[in-house]
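K.L.:
Mind having a look at this structure? Questions to follow.
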Amino acid sequence: MELFNSILTVAFLTQVFRLMTPYYLGASAANFSERGGVINIAIEGFMILSAFSFAMFNILTHNIPLAIFLALIINVVFALLYSVFTVKLKINQIVTGVGFNILIAGLTKFLMMIIFHSSSNTERFEGIPDNELIGKIPLVGAILSDYIVLFALILIFLSNFILFKTTFGLRLRSVGENPEAAESLGIKVRRYKVYGILISGFLAALGGIWLASEQKSFSDGMIAGRGYIALAAMIIGKWKPVNIFFASLIFAFFEALQISIQISGVPIPSQLIQMLPYLITILVLIGLIGKTKPPAADGVPY
Amino acid sequence: MFSRTSIQTKANIISISLSLAATFIITALLIILIGKNPIEVFGNMFSEVFLSGYGIGQTLFKTTPLIICGCGLAFCFHASIFNIGAEGQLNAGAFAMSLIALKLGAFPWYISIIICIVVAFGVSALFGLIPAIIKIKKDVSEVITTIMMNFIIMALINYFLVDFFAVKSTMHTEKIPEDMMLMKFSSITSFFQGSSLNISFIIALALAVISYIVIYKTKFGYEIRAVGFNPSASKYIGLSPDKIIIITFIIGAGITSLTGLNFIMGYKGFYEYGFSNNVGFTAIAVALLARNNPIGIIFSALLFGVLDSGGLAVNEIVPKEIVLVVQGVIILTILSINTIVDKKFNIAK
């Protein structure tokens, strides 16, 4: 009962919306890549990379905007490298993704030792400040005053608009559905795939930056599979921005619930709640909860 | 046909050498970048890993699970099954192995060990069967399901360990009976003194040879490769791709469970959460580097084993985490250079 009461609070809902942010940004990242026909399981690695670079530059320069900027740049560069592998060289996207994840996990551990002489975590730093003006709004202020959370919420409409109402979105989608037809209409197929991947790198970076800023430090393993949950959210959301948002919200709800359960001491095993997002994803995939279908040419090199 | 094979072999040799050279150069540059001497680092690693019995023993000990897991994945990859779930599959099997071993005190040790292997293989195979069935029945990519299964399996093991099977305030199970422990090399010869190298290494080598024969010299292996090369065409020569995918997935996932032999029966005597240390993912690189040839896998596993045990040797000069970077660089160089070399030799994929 105590647990039930703790869920029905504004604080809990605020928590859910905040925790939704990295999932939604990661899932949108994966979506832009897959809409162009390129599977990106390196989202996890991208989020680790951006969380680390944001932490590193923030500690070294004490300049938050600069740290954000540099973290974004680094991630976009890695995304570009990812596109060289998957689009230019047409290397298998799954294997490339695994390779990127292994490289990035190793690279951040190595740089942590070199720069911060610790294998577990960096020193603490200032997080991104909230917008005080928005923070004064009752009820929703606590959610909307965080710039990245706010951006994630705007992104629901923005990505829907970009994907379905602009020429760019139409072309990106046509490249992911039927590259041969797109080519015959004069669309530069490979270029659009690269655009999708770059947007992917950018959005995943924001997710990682938010997590590091929230924790006010970078620690090894802090992304903790969120990049993979993001992929799950994209699949459950059927590659549609609004549905992906709700899928992310559900996963965030479970995460917040798990935290509440741990605090309240109710004897529900936290591991079983941890595995729910993954279990739900499989159930959705096998069609027990609705049907879902990727872009037709998803994963096929062109 | 012959000339095609020899061109492929030539291309393989060229691309592997180029990849290793590229990795070597990138690593050296990285070491120079942080102001250290690469020759000193490589020298230390070499002398620590190759110039003492303990070093050699530890290296082969770390090579063992990579050979085993790499062979399991080789089966999958030959059938074009992208099994990213080895990490979960091997943990499920190894966990089952440790639990069943505790219940078999009444049997002679050799029967107990065989039962353990069969149970572990079965449990891992079961977790390979699930994505296989979903792939065939629902046309869902095994990539996503195996990734999700990794998390589910690890959460389940964590739950069962913490709530039921772990020794209090640890993350490992109870120790299995002493007579079920596999023989250590150090008990045969003092050369390997102190290292954890055990009979599992020999089992791994035998597994690689058997896998090689099955994949390249039997009808079944031919069928796996035919399905992997072109599933729809394989139907015209009378094969059932679905059936082959299921069997291959079961075999591949099942084999990964044998990594438990090395750690549980060869080393610690219990299952410990996180024992696999991402072997399931590293083995993907091991198999790739060897182009899924089990004999090649022995050598690529050795390379990663050297890196793994060499990390500690260089820790005083550069953080041992540098080997993780090197592993990542190897994967990406081999992928890109393979592709570029194949293009030069006009080898169609």
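Scheme for the structure tokens: letters A, B, ... for chains in order shown; per-chain residue numbers from 1; ligand numbers from 1 in order shown.
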What lies within 7 Å of segment 67-83 of chain B using only C-alpha atoms, ignoring chain neighbours under 5 positions off, as an NGL selection string?
P.N.:
:B and (142-143 or 146 or 204 or 208 or 211 or 224-225 or 227-228 or 245 or 248-249 or 251-253 or 255-256 or 258-259 or 280 or 283-284 or 286-287 or 292-294 or 297-298 or 301)
K.L.:
Keeping N, CA and C atoms for every residue in the selection just given, could you write it to a file as a PDB file, in the first residue's frame?
P.N.:
```pdb
ATOM      1  N   GLU B 142      17.270 -12.716 -35.213  1.00  0.00           N
ATOM      2  CA  GLU B 142      17.849 -13.275 -33.996  1.00  0.00           C
ATOM      3  C   GLU B 142      18.735 -12.262 -33.283  1.00  0.00           C
ATOM      4  N   VAL B 143      19.161 -11.218 -34.008  1.00  0.00           N
ATOM      5  CA  VAL B 143      20.038 -10.225 -33.386  1.00  0.00           C
ATOM      6  C   VAL B 143      19.343  -9.604 -32.179  1.00  0.00           C
ATOM      7  N   THR B 146      18.404 -12.258 -29.369  1.00  0.00           N
ATOM      8  CA  THR B 146      19.527 -12.741 -28.554  1.00  0.00           C
ATOM      9  C   THR B 146      20.062 -11.636 -27.640  1.00  0.00           C
ATOM     10  N   ALA B 204      39.089 -28.024 -25.397  1.00  0.00           N
ATOM     11  CA  ALA B 204      38.835 -26.932 -26.344  1.00  0.00           C
ATOM     12  C   ALA B 204      39.517 -27.195 -27.683  1.00  0.00           C
ATOM     13  N   ALA B 208      37.774 -27.782 -31.310  1.00  0.00           N
ATOM     14  CA  ALA B 208      38.081 -27.017 -32.521  1.00  0.00           C
ATOM     15  C   ALA B 208      38.303 -27.956 -33.702  1.00  0.00           C
ATOM     16  N   SER B 211      34.974 -29.482 -34.653  1.00  0.00           N
ATOM     17  CA  SER B 211      34.158 -28.469 -35.332  1.00  0.00           C
ATOM     18  C   SER B 211      34.632 -28.268 -36.768  1.00  0.00           C
ATOM     19  N   ILE B 224      25.028 -26.661 -43.664  1.00  0.00           N
ATOM     20  CA  ILE B 224      25.058 -25.417 -42.884  1.00  0.00           C
ATOM     21  C   ILE B 224      25.578 -24.279 -43.753  1.00  0.00           C
ATOM     22  N   ARG B 225      26.677 -24.542 -44.445  1.00  0.00           N
ATOM     23  CA  ARG B 225      27.293 -23.471 -45.236  1.00  0.00           C
ATOM     24  C   ARG B 225      26.420 -23.093 -46.433  1.00  0.00           C
ATOM     25  N   VAL B 227      23.110 -23.233 -46.543  1.00  0.00           N
ATOM     26  CA  VAL B 227      22.004 -22.417 -46.024  1.00  0.00           C
ATOM     27  C   VAL B 227      22.501 -21.017 -45.697  1.00  0.00           C
ATOM     28  N   GLY B 228      23.693 -20.959 -45.106  1.00  0.00           N
ATOM     29  CA  GLY B 228      24.249 -19.660 -44.734  1.00  0.00           C
ATOM     30  C   GLY B 228      24.566 -18.813 -45.953  1.00  0.00           C
ATOM     31  N   ILE B 245      18.768 -24.204 -39.531  1.00  0.00           N
ATOM     32  CA  ILE B 245      18.966 -23.061 -38.635  1.00  0.00           C
ATOM     33  C   ILE B 245      18.716 -23.482 -37.188  1.00  0.00           C
ATOM     34  N   THR B 248      21.591 -25.807 -36.014  1.00  0.00           N
ATOM     35  CA  THR B 248      22.842 -25.067 -35.863  1.00  0.00           C
ATOM     36  C   THR B 248      22.803 -24.167 -34.633  1.00  0.00           C
ATOM     37  N   PHE B 249      21.672 -23.501 -34.439  1.00  0.00           N
ATOM     38  CA  PHE B 249      21.527 -22.614 -33.284  1.00  0.00           C
ATOM     39  C   PHE B 249      21.690 -23.416 -31.990  1.00  0.00           C
ATOM     40  N   ILE B 251      23.273 -26.329 -31.572  1.00  0.00           N
ATOM     41  CA  ILE B 251      24.668 -26.764 -31.413  1.00  0.00           C
ATOM     42  C   ILE B 251      25.549 -25.594 -30.988  1.00  0.00           C
ATOM     43  N   GLY B 252      25.394 -24.482 -31.704  1.00  0.00           N
ATOM     44  CA  GLY B 252      26.232 -23.309 -31.423  1.00  0.00           C
ATOM     45  C   GLY B 252      26.063 -22.826 -29.995  1.00  0.00           C
ATOM     46  N   ALA B 253      24.811 -22.666 -29.579  1.00  0.00           N
ATOM     47  CA  ALA B 253      24.544 -22.181 -28.217  1.00  0.00           C
ATOM     48  C   ALA B 253      24.999 -23.220 -27.203  1.00  0.00           C
ATOM     49  N   ILE B 255      27.395 -25.433 -27.383  1.00  0.00           N
ATOM     50  CA  ILE B 255      28.856 -25.474 -27.236  1.00  0.00           C
ATOM     51  C   ILE B 255      29.349 -24.385 -26.281  1.00  0.00           C
ATOM     52  N   THR B 256      28.712 -23.214 -26.339  1.00  0.00           N
ATOM     53  CA  THR B 256      29.194 -22.111 -25.484  1.00  0.00           C
ATOM     54  C   THR B 256      29.178 -22.505 -24.004  1.00  0.00           C
ATOM     55  N   LEU B 258      30.231 -25.018 -22.604  1.00  0.00           N
ATOM     56  CA  LEU B 258      31.442 -25.719 -22.176  1.00  0.00           C
ATOM     57  C   LEU B 258      32.486 -24.768 -21.583  1.00  0.00           C
ATOM     58  N   THR B 259      32.304 -23.458 -21.815  1.00  0.00           N
ATOM     59  CA  THR B 259      33.203 -22.500 -21.161  1.00  0.00           C
ATOM     60  C   THR B 259      33.133 -22.676 -19.644  1.00  0.00           C
ATOM     61  N   GLY B 280      31.509 -13.976 -24.329  1.00  0.00           N
ATOM     62  CA  GLY B 280      30.506 -14.173 -25.371  1.00  0.00           C
ATOM     63  C   GLY B 280      30.581 -13.125 -26.470  1.00  0.00           C
ATOM     64  N   ALA B 283      34.325 -13.428 -28.190  1.00  0.00           N
ATOM     65  CA  ALA B 283      34.378 -14.594 -29.083  1.00  0.00           C
ATOM     66  C   ALA B 283      33.822 -14.268 -30.468  1.00  0.00           C
ATOM     67  N   ILE B 284      32.938 -13.282 -30.551  1.00  0.00           N
ATOM     68  CA  ILE B 284      32.453 -12.857 -31.871  1.00  0.00           C
ATOM     69  C   ILE B 284      33.644 -12.378 -32.688  1.00  0.00           C
ATOM     70  N   VAL B 286      36.773 -13.137 -32.102  1.00  0.00           N
ATOM     71  CA  VAL B 286      37.672 -14.277 -32.311  1.00  0.00           C
ATOM     72  C   VAL B 286      37.247 -15.068 -33.557  1.00  0.00           C
ATOM     73  N   ALA B 287      35.954 -15.347 -33.654  1.00  0.00           N
ATOM     74  CA  ALA B 287      35.459 -16.112 -34.797  1.00  0.00           C
ATOM     75  C   ALA B 287      35.631 -15.326 -36.097  1.00  0.00           C
ATOM     76  N   ASN B 292      35.664 -17.644 -39.189  1.00  0.00           N
ATOM     77  CA  ASN B 292      34.820 -18.761 -38.764  1.00  0.00           C
ATOM     78  C   ASN B 292      35.426 -20.138 -39.030  1.00  0.00           C
ATOM     79  N   ASN B 293      36.730 -20.184 -39.230  1.00  0.00           N
ATOM     80  CA  ASN B 293      37.407 -21.471 -39.381  1.00  0.00           C
ATOM     81  C   ASN B 293      37.897 -21.925 -38.005  1.00  0.00           C
ATOM     82  N   PRO B 294      37.374 -23.060 -37.482  1.00  0.00           N
ATOM     83  CA  PRO B 294      37.696 -23.469 -36.109  1.00  0.00           C
ATOM     84  C   PRO B 294      39.189 -23.622 -35.832  1.00  0.00           C
ATOM     85  N   ILE B 297      40.433 -20.339 -35.367  1.00  0.00           N
ATOM     86  CA  ILE B 297      39.930 -19.799 -34.102  1.00  0.00           C
ATOM     87  C   ILE B 297      40.902 -20.086 -32.959  1.00  0.00           C
ATOM     88  N   ILE B 298      41.589 -21.245 -33.013  1.00  0.00           N
ATOM     89  CA  ILE B 298      42.579 -21.546 -31.974  1.00  0.00           C
ATOM     90  C   ILE B 298      43.590 -20.405 -31.903  1.00  0.00           C
ATOM     91  N   ALA B 301      41.948 -16.971 -30.920  1.00  0.00           N
ATOM     92  CA  ALA B 301      41.667 -17.000 -29.485  1.00  0.00           C
ATOM     93  C   ALA B 301      42.955 -16.793 -28.699  1.00  0.00           C
TER      94      ALA B 301
END
```
K.L.:
Residues of chain B near chain A: apply a cut-off of 9 Å, count only C-alpha atoms, and supply the list as a ChimeraX atom specification.
P.N.:
/B:34,82,84,134,137-140,143-145,147-149,151-156,158-159,163,281-282,284-285,288,318-332,335-336,339-340
K.L.:
Using DSSP on the backbone coordinates, identify the residues of segment 21-236 of chain A assigned to helix (DSSP H, G or I); present them as a ChimeraX atom specification.
P.N.:
/A:21-35,43-61,64-88,93-116,132-135,141-144,147-165,167-177,179-184,189-215,226-236
K.L.:
Please report the interatomic distance between atom CA of Leu163 of chain A and atom CA of Arg35 of chain A in Å with one decimal.
P.N.:
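One can read the atom CA of Leu163 of chain A to atom CA of Arg35 of chain A distance as 8.6 Å.
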K.L.:
What is the atom CA of Ala132 of chain B to atom CA of Ala27 of chain A distance in Å?
P.N.:
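Between these atoms lies a distance of 25.3 Å.
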K.L.:
Within 9 Å of segment 60-66 of chain A, counting only C-alpha atoms, which residues qualify if same-chain residues fewer than 4 places away don't, as a list in words?
P.N.:
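So, after excluding close chain neighbours, the residues are Phe54, Ala55, Met56, Leu70, Ala71, Phe125, Glu126, Gly127 and Ile128 of chain A.
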K.L.:
Find the spatial neighbours of Leu302 of chain B, counting only C-alpha atoms, within a cut-off of 12 Å - ignore same-chain residues fewer than 2 positions away - and output them as a PyMOL selection string.
P.N.:
chain B and resi 49-50+56-68+70+201+204-205+283+286-287+289-290+295-300+304-310
K.L.:
Please write the residues from the selection above to a file, keeping N, CA, C and O atoms, as a tab-separated table (two decimals), in the first residue's frame.
P.N.:
```
chain	number	residue	atom	x	y	z
B	49	VAL	N	54.26	-12.90	-20.97
B	49	VAL	CA	53.34	-13.91	-21.48
B	49	VAL	C	54.06	-15.17	-21.97
B	49	VAL	O	53.59	-16.27	-21.77
B	50	PHE	N	55.23	-14.99	-22.59
B	50	PHE	CA	55.86	-16.14	-23.24
B	50	PHE	C	57.09	-16.69	-22.52
B	50	PHE	O	57.51	-17.80	-22.80
B	56	ILE	N	52.69	-18.52	-19.67
B	56	ILE	CA	52.13	-19.33	-20.76
B	56	ILE	C	50.86	-20.03	-20.29
B	56	ILE	O	49.84	-20.05	-20.98
B	57	GLY	N	50.93	-20.58	-19.07
B	57	GLY	CA	49.77	-21.28	-18.51
B	57	GLY	C	48.56	-20.36	-18.40
B	57	GLY	O	47.46	-20.70	-18.84
B	58	GLN	N	48.78	-19.17	-17.85
B	58	GLN	CA	47.66	-18.23	-17.69
B	58	GLN	C	47.09	-17.82	-19.04
B	58	GLN	O	45.89	-17.67	-19.22
B	59	THR	N	47.98	-17.60	-20.02
B	59	THR	CA	47.53	-17.21	-21.35
B	59	THR	C	46.65	-18.29	-21.97
B	59	THR	O	45.58	-18.00	-22.49
B	60	LEU	N	47.13	-19.55	-21.87
B	60	LEU	CA	46.33	-20.63	-22.45
B	60	LEU	C	45.03	-20.81	-21.67
B	60	LEU	O	43.98	-21.14	-22.25
B	61	PHE	N	45.07	-20.56	-20.37
B	61	PHE	CA	43.87	-20.64	-19.55
B	61	PHE	C	42.83	-19.62	-20.04
B	61	PHE	O	41.65	-19.92	-20.13
B	62	LYS	N	43.29	-18.43	-20.37
B	62	LYS	CA	42.36	-17.40	-20.86
B	62	LYS	C	41.96	-17.62	-22.30
B	62	LYS	O	40.96	-17.10	-22.77
B	63	THR	N	42.79	-18.38	-23.02
B	63	THR	CA	42.48	-18.69	-24.42
B	63	THR	C	41.35	-19.73	-24.51
B	63	THR	O	40.54	-19.69	-25.43
B	64	THR	N	41.32	-20.63	-23.51
B	64	THR	CA	40.38	-21.76	-23.55
B	64	THR	C	38.92	-21.38	-23.79
B	64	THR	O	38.30	-21.87	-24.74
B	65	PRO	N	38.34	-20.50	-22.96
B	65	PRO	CA	36.92	-20.18	-23.19
B	65	PRO	C	36.69	-19.50	-24.54
B	65	PRO	O	35.62	-19.66	-25.13
B	66	LEU	N	37.70	-18.77	-25.01
B	66	LEU	CA	37.54	-18.09	-26.30
B	66	LEU	C	37.50	-19.09	-27.45
B	66	LEU	O	36.76	-18.91	-28.42
B	67	ILE	N	38.31	-20.15	-27.35
B	67	ILE	CA	38.26	-21.20	-28.38
B	67	ILE	C	36.88	-21.85	-28.37
B	67	ILE	O	36.22	-21.99	-29.41
B	68	ILE	N	36.44	-22.23	-27.16
B	68	ILE	CA	35.16	-22.94	-27.04
B	68	ILE	C	34.02	-22.09	-27.59
B	68	ILE	O	33.26	-22.51	-28.46
B	70	GLY	N	34.19	-19.41	-29.41
B	70	GLY	CA	34.40	-19.08	-30.82
B	70	GLY	C	33.91	-20.19	-31.73
B	70	GLY	O	33.31	-19.93	-32.78
B	201	PHE	N	41.56	-27.01	-21.63
B	201	PHE	CA	42.28	-26.52	-22.80
B	201	PHE	C	42.38	-27.60	-23.87
B	201	PHE	O	42.16	-27.34	-25.05
B	204	ALA	N	39.09	-28.02	-25.40
B	204	ALA	CA	38.84	-26.93	-26.34
B	204	ALA	C	39.52	-27.19	-27.68
B	204	ALA	O	38.93	-26.99	-28.75
B	205	LEU	N	40.77	-27.68	-27.62
B	205	LEU	CA	41.49	-27.98	-28.86
B	205	LEU	C	40.78	-29.08	-29.64
B	205	LEU	O	40.60	-29.00	-30.86
B	283	ALA	N	34.32	-13.43	-28.19
B	283	ALA	CA	34.38	-14.59	-29.08
B	283	ALA	C	33.82	-14.27	-30.47
B	283	ALA	O	34.20	-14.91	-31.45
B	286	VAL	N	36.77	-13.14	-32.10
B	286	VAL	CA	37.67	-14.28	-32.31
B	286	VAL	C	37.25	-15.07	-33.56
B	286	VAL	O	38.07	-15.39	-34.41
B	287	ALA	N	35.95	-15.35	-33.65
B	287	ALA	CA	35.46	-16.11	-34.80
B	287	ALA	C	35.63	-15.33	-36.10
B	287	ALA	O	36.04	-15.87	-37.12
B	289	LEU	N	37.80	-12.93	-36.81
B	289	LEU	CA	39.21	-12.82	-37.17
B	289	LEU	C	39.66	-14.08	-37.90
B	289	LEU	O	40.44	-14.04	-38.84
B	290	ALA	N	39.14	-15.24	-37.47
B	290	ALA	CA	39.50	-16.51	-38.08
B	290	ALA	C	38.59	-16.84	-39.26
B	290	ALA	O	38.68	-17.94	-39.81
B	295	ILE	N	39.96	-24.08	-36.83
B	295	ILE	CA	41.41	-24.19	-36.60
B	295	ILE	C	42.00	-22.79	-36.46
B	295	ILE	O	42.83	-22.52	-35.60
B	296	GLY	N	41.53	-21.88	-37.31
B	296	GLY	CA	41.98	-20.49	-37.21
B	296	GLY	C	41.58	-19.88	-35.87
B	296	GLY	O	42.29	-19.05	-35.31
B	297	ILE	N	40.43	-20.34	-35.37
B	297	ILE	CA	39.93	-19.80	-34.10
B	297	ILE	C	40.90	-20.09	-32.96
B	297	ILE	O	41.08	-19.26	-32.05
B	298	ILE	N	41.59	-21.24	-33.01
B	298	ILE	CA	42.58	-21.55	-31.97
B	298	ILE	C	43.59	-20.40	-31.90
B	298	ILE	O	43.93	-19.91	-30.83
B	299	PHE	N	44.03	-19.94	-33.08
B	299	PHE	CA	45.07	-18.91	-33.11
B	299	PHE	C	44.52	-17.52	-32.78
B	299	PHE	O	45.16	-16.75	-32.07
B	300	SER	N	43.33	-17.23	-33.29
B	300	SER	CA	42.80	-15.90	-32.96
B	300	SER	C	42.43	-15.83	-31.48
B	300	SER	O	42.59	-14.79	-30.84
B	304	PHE	N	43.83	-13.15	-28.56
B	304	PHE	CA	43.05	-12.42	-27.55
B	304	PHE	C	43.43	-12.87	-26.14
B	304	PHE	O	43.39	-12.07	-25.21
B	305	GLY	N	43.82	-14.15	-26.01
B	305	GLY	CA	44.28	-14.64	-24.71
B	305	GLY	C	45.57	-13.96	-24.29
B	305	GLY	O	45.75	-13.58	-23.13
B	306	VAL	N	46.48	-13.78	-25.27
B	306	VAL	CA	47.73	-13.08	-24.99
B	306	VAL	C	47.44	-11.66	-24.53
B	306	VAL	O	48.00	-11.18	-23.54
B	307	LEU	N	46.53	-10.99	-25.23
B	307	LEU	CA	46.17	-9.62	-24.86
B	307	LEU	C	45.60	-9.59	-23.44
B	307	LEU	O	45.94	-8.73	-22.63
B	308	ASP	N	44.73	-10.57	-23.17
B	308	ASP	CA	44.06	-10.61	-21.88
B	308	ASP	C	45.07	-10.76	-20.74
B	308	ASP	O	45.05	-10.02	-19.76
B	309	SER	N	45.97	-11.73	-20.90
B	309	SER	CA	46.90	-11.94	-19.79
B	309	SER	C	48.07	-10.95	-19.86
B	309	SER	O	48.72	-10.69	-18.86
B	310	GLY	N	48.31	-10.39	-21.06
B	310	GLY	CA	49.39	-9.42	-21.20
B	310	GLY	C	49.05	-8.07	-20.58
B	310	GLY	O	49.94	-7.28	-20.24
```
K.L.:
Distance atom CA of Gln89 of chain B-atom CA of Ser257 of chain B, one decimal place?
P.N.:
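If I compute the distance from atom CA of Gln89 of chain B to atom CA of Ser257 of chain B, I get 6.9 Å.
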K.L.:
Can you pull out the residues contacting Val175 of chain A? Cut-off 9 Å, using only C-alpha atoms, and skip same-chain residues under 3 positions away; I want them as a list in words.
P.N.:
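So, after excluding close chain neighbours, the residues are Arg35, Gly36, Gly37, Leu170, Arg171, Leu172, Asn178, Pro179, Glu180, Ala181, Ala182, Glu183, Ile187, Lys188, Val189, Arg190, Tyr192, Lys193 and Ala297 of chain A.
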K.L.:
Take the residues from that selection and put them in a file with C-alpha atoms, as a CSV table (one decimal), in the first residue's frame.
P.N.:
```csv
chain,number,residue,atom,x,y,z
A,35,ARG,CA,14.5,4.6,-41.2
A,36,GLY,CA,17.4,5.0,-43.6
A,37,GLY,CA,17.9,1.2,-43.6
A,170,LEU,CA,10.2,11.1,-47.2
A,171,ARG,CA,13.6,10.5,-48.9
A,172,LEU,CA,15.1,9.0,-45.8
A,178,ASN,CA,13.2,0.5,-51.2
A,179,PRO,CA,16.7,1.9,-52.0
A,180,GLU,CA,16.5,0.7,-55.7
A,181,ALA,CA,13.3,2.7,-56.3
A,182,ALA,CA,14.7,5.7,-54.4
A,183,GLU,CA,17.9,5.6,-56.6
A,187,ILE,CA,17.8,10.2,-54.6
A,188,LYS,CA,21.4,9.8,-53.4
A,189,VAL,CA,20.7,6.7,-51.4
A,190,ARG,CA,24.0,6.4,-49.6
A,192,TYR,CA,20.7,9.8,-47.0
A,193,LYS,CA,21.8,6.7,-45.1
A,297,ALA,CA,15.3,-2.8,-46.4
```
K.L.:
Which neighbours of Tyr271 of chain B fall inside 8 Å, counting only C-alpha atoms, when residues of the same chain fewer than 2 positions from it are skipped, and could you give them as a list in words?
P.N.:
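So the residues in contact are Ala94, Phe95, Ser98, His172, Thr173, Gly260, Phe263, Ile264, Lys268, Gly269, Tyr273 and Phe275 of chain B.
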K.L.:
Which residues come within 8 Å of Leu144 of chain A, counting only C-alpha atoms, excluding same-chain residues fewer than 6 positions away, as a list in words?
P.N.:
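The contact residues come out as Ile134, Gly135 and Leu150 of chain A.
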